[in-house]
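K.L.:
Have a look at this one before I ask anything.
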Amino acid sequence: MSFLQVQDVTHTYFSLQEKTTALENVSINVEKGEFVSFLGPSGCGKTTLLSIIAGIVAPTEGRVLFEGQQHDEKDRLIGYMLQQDYLFPWKTIEENVLIGLRISKKLSLETKQAALELLEKFGLHQVENKYPKELSGGMRQRAALARTLAVDPGILLLDEPFSALDYQTKLNLEDLVFNTLHTYQKTAVLVTHDIEEAIAMSDRILLFSKQPGTVHKTFAIPESLRKLTPFEARQEPEFQAIFQAIWKELNHLEQH
């Protein structure tokens, strides 16, 4: 049984003037420990689907299952990492990282120590008492990642978390996230517009068609690339071949 099952999901937005179908009959299986990316034209419903998986939005039709059961926040935590870090500016980095544990009533000496160890692993062990405004964008995103992982989520949902960063910081954070997820054997779903990022980080890429969004094609990333870090994978000749194949399909979708 797959860890995550999206079954026949359709979602329609209604306004006073019209209705817009963002997703239509989307079915996806994601295995435990797998990293899957969503690519597609703007407006194809990628972020809507991520919100449905998170339980933030209820689908018009269909359902989402985790290990065969419907989502229940009481016993399954979902980590959500966005383009903005959403750190509380009036709280220190340590307080920000611990806030999820406090809200979920899981804060203890043991979980606090584990969260602080994450800060150290992410190169933030000397900034626990600083405030977000005192950190660079990359350091803030590292703190946001530590906050997300501190509650030990069953699945990590990533909505363009690196798109606002400079290229060098983005590459470093890709490697950090990739290595961290493999170390903790986390399942992850990434929404991105960046073809290179999707190839470098994923086990599979799902390419969505234009609105209403459906899964147009699936690209399986070869093991020879999957075993490399995102930075290393970018150096391989095979990487460019996959990039060209995805670019061709995406360009076709944009034009038709």
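FYI, nothing fancy with the structure tokens labels: chains A, B, ... in order, residues from 1 per chain, ligands from 1 as they appear.
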Find the residues of stretch 45-87 of chain A that sit at most 12 Å from stretch 131-139 of chain A; for each, write down the nearest two atoms and how far apart they are in Å, to one decimal. Count only C-alpha atoms. Sort by chain, then by number going up, and give it as a Markdown table.
P.N.:
```
| residue | atom | partner | partner_atom | distance |
| --- | --- | --- | --- | --- |
| A:Gln83 | CA | A:Gly137 | CA | 10.6 |
| A:Gln84 | CA | A:Gly137 | CA | 9.3 |
| A:Asp85 | CA | A:Gly137 | CA | 8.6 |
| A:Tyr86 | CA | A:Pro132 | CA | 9.6 |
| A:Leu87 | CA | A:Pro132 | CA | 6.7 |
```
K.L.:
Produce a file of the selected residues containing C-alpha atoms, as a PDB file, in the first residue's frame.
P.N.:
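Heads up, here's the output in result_13.pdb:
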```
ATOM      1  CA  GLN A  83       8.463  30.329  -0.457  1.00  0.00           C
ATOM      2  CA  GLN A  84       8.229  32.713   2.509  1.00  0.00           C
ATOM      3  CA  ASP A  85       9.653  31.478   5.789  1.00  0.00           C
ATOM      4  CA  TYR A  86       6.812  32.936   7.929  1.00  0.00           C
ATOM      5  CA  LEU A  87       9.039  33.153  11.003  1.00  0.00           C
TER       6      LEU A  87
END
```
K.L.:
Based on DSSP run over this structure's backbone, return all residues of stretch 25-225 of chain A in helix (DSSP H, G or I), as a ChimeraX atom specification.
P.N.:
/A:46-54,93-103,109-121,132-134,137-150,167-184,195-201,223-225
K.L.:
Out of A:Pro153, A:Ile53, A:Pro41, A:Asp159, which residue has the shortest atom-to-atom distance to A:Gln255 when counting only C-alpha atoms?
P.N.:
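Of the candidates, the smallest distance to A:Gln255 is held by A:Pro41.
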K.L.:
Return the single residue from A:Ser202, A:Phe231, A:Thr148, A:Leu225 that is closest to A:Asn172, with distances computed using only C-alpha atoms.
P.N.:
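Checking each candidate against A:Asn172, we get A:Phe231 as the closest.
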K.L.:
Report as a ChimeraX atom specification: the residues of stretch 41-227 of chain A with a DSSP assignment of strand (DSSP E), based on the backbone of this structure.
P.N.:
/A:61-66,69-70,78-81,155-159,187-191,204-208,215-220
K.L.:
Do a neighbour search on stretch 10-19 of chain A at 10 Å with only C-alpha atoms, toss out local chain neighbours closer than 5 positions, and write the hits as a PyMOL selection string.
P.N.:
chain A and resi 24-27+45+48-49+52+57-63+212-214
K.L.:
How would the residues just picked look written out with C-alpha atoms as a short mmCIF file (atom, residue, chain, number, x, y, z; two decimals), in the first residue's frame?
P.N.:
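Contents of result-v9.cif, freshly written:
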```
data_model
loop_
_atom_site.label_atom_id
_atom_site.label_comp_id
_atom_site.auth_asym_id
_atom_site.auth_seq_id
_atom_site.Cartn_x
_atom_site.Cartn_y
_atom_site.Cartn_z
CA GLU A 24 -9.79 17.06 -12.88
CA ASN A 25 -9.63 13.34 -12.00
CA VAL A 26 -6.12 13.40 -10.54
CA SER A 27 -4.88 10.10 -9.10
CA GLY A 45 -3.49 23.39 -10.04
CA THR A 48 -4.18 23.60 -5.11
CA LEU A 49 -3.35 19.89 -5.07
CA ILE A 52 -5.67 19.37 -0.72
CA VAL A 57 -8.64 22.56 1.12
CA ALA A 58 -11.31 19.87 0.74
CA PRO A 59 -11.57 18.53 -2.82
CA THR A 60 -14.85 18.92 -4.70
CA GLU A 61 -14.60 15.23 -5.58
CA GLY A 62 -12.24 12.41 -4.64
CA ARG A 63 -10.16 11.83 -1.52
CA PRO A 212 -8.00 21.92 -15.57
CA GLY A 213 -4.89 20.21 -14.26
CA THR A 214 -4.40 16.52 -14.95
#
```
K.L.:
Would you mind listing what lies within 6 Å of stretch 114-128 of chain A as a count of residues only, with only C-alpha atoms counted and same-chain residues fewer than 2 positions away left out?
P.N.:
7
K.L.:
Leaving out A:Ser209 and any residue of its chain fewer than 3 positions from it, which residues lie within 12 Å of it when counting only C-alpha atoms, given as a ChimeraX atom specification?
P.N.:
/A:22-24,26,38-46,206,212-218,249-256
K.L.:
Work out how far atom CA of A:Val151 is from atom CA of A:Lys32, in Å to one decimal.
P.N.:
17.8 Å
K.L.:
So, counting only C-alpha atoms, which residue among A:Ala245, A:Gln211, A:Gln5, A:Pro89 is closest to A:Thr20?
P.N.:
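The closest residue to A:Thr20 is A:Gln211.
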K.L.:
Please provide the set of residues having any atom within 10 Å of A:Val177, restricted to only C-alpha atoms, with same-chain residues fewer than 6 positions apart removed, written as a list in words.
P.N.:
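Contacts, in chain order: Phe122, Arg142, Leu145, Thr183, Met201, Thr229 and Pro230 of chain A.
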K.L.:
What's around A:Glu223 at 12 Å? Count only C-alpha atoms, leave out sequence neighbours fewer than 3 positions away in its own chain, and write the answer as a list in words.
P.N.:
Ile199, Ala200, Met201, Ser202, Asp203, Arg204, Ala220, Arg226, Lys227, Leu228, Thr229, Ala233, Glu238 and Phe239 of chain A
K.L.:
With N, CA and C atoms retained, write the just-selected residues as an mmCIF file, in the first residue's frame.
P.N.:
```
data_model
loop_
_atom_site.group_PDB
_atom_site.id
_atom_site.type_symbol
_atom_site.label_atom_id
_atom_site.label_comp_id
_atom_site.auth_asym_id
_atom_site.auth_seq_id
_atom_site.Cartn_x
_atom_site.Cartn_y
_atom_site.Cartn_z
ATOM 1 N N ILE A 199 14.420 17.830 -11.369
ATOM 2 C CA ILE A 199 15.255 16.691 -11.762
ATOM 3 C C ILE A 199 16.275 16.372 -10.677
ATOM 4 N N ALA A 200 16.919 17.420 -10.150
ATOM 5 C CA ALA A 200 18.008 17.230 -9.190
ATOM 6 C C ALA A 200 17.544 16.612 -7.881
ATOM 7 N N MET A 201 16.295 16.876 -7.471
ATOM 8 C CA MET A 201 15.849 16.466 -6.145
ATOM 9 C C MET A 201 14.921 15.258 -6.133
ATOM 10 N N SER A 202 14.342 14.906 -7.261
ATOM 11 C CA SER A 202 13.206 13.978 -7.259
ATOM 12 C C SER A 202 13.557 12.541 -7.604
ATOM 13 N N ASP A 203 12.663 11.657 -7.186
ATOM 14 C CA ASP A 203 12.643 10.290 -7.694
ATOM 15 C C ASP A 203 11.736 10.206 -8.924
ATOM 16 N N ARG A 204 10.637 10.982 -8.884
ATOM 17 C CA ARG A 204 9.707 11.055 -10.011
ATOM 18 C C ARG A 204 9.229 12.488 -10.187
ATOM 19 N N ALA A 220 10.394 9.292 -14.648
ATOM 20 C CA ALA A 220 11.138 8.609 -13.589
ATOM 21 C C ALA A 220 12.610 8.985 -13.708
ATOM 22 N N ARG A 226 19.626 9.740 -8.997
ATOM 23 C CA ARG A 226 18.957 9.806 -7.680
ATOM 24 C C ARG A 226 19.922 9.589 -6.529
ATOM 25 N N LYS A 227 20.991 8.855 -6.767
ATOM 26 C CA LYS A 227 21.933 8.584 -5.674
ATOM 27 C C LYS A 227 22.920 9.732 -5.459
ATOM 28 N N LEU A 228 22.876 10.729 -6.355
ATOM 29 C CA LEU A 228 23.759 11.887 -6.238
ATOM 30 C C LEU A 228 23.049 13.042 -5.553
ATOM 31 N N THR A 229 23.802 13.950 -4.957
ATOM 32 C CA THR A 229 23.202 15.167 -4.409
ATOM 33 C C THR A 229 22.723 16.027 -5.582
ATOM 34 N N ALA A 233 24.271 15.927 -9.323
ATOM 35 C CA ALA A 233 23.433 15.449 -10.423
ATOM 36 C C ALA A 233 23.453 16.413 -11.602
ATOM 37 N N GLU A 238 23.563 12.891 -18.409
ATOM 38 C CA GLU A 238 22.197 12.359 -18.415
ATOM 39 C C GLU A 238 21.180 13.394 -17.928
ATOM 40 N N PHE A 239 21.631 14.290 -17.059
ATOM 41 C CA PHE A 239 20.772 15.339 -16.513
ATOM 42 C C PHE A 239 20.221 16.209 -17.633
#
```
K.L.:
Could you check how far atom CA of A:Gly154 sits from atom CA of A:Leu50, in Å to one decimal?
P.N.:
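Interatomic distance, atom CA of A:Gly154 to atom CA of A:Leu50: 14.7 Å.
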K.L.:
Could you please determine the separation between atom CA of A:Tyr80 and atom CA of A:Lys210 in Å, to one decimal place?
P.N.:
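Calculated distance between atom CA of A:Tyr80 and atom CA of A:Lys210 is 24.6 Å.
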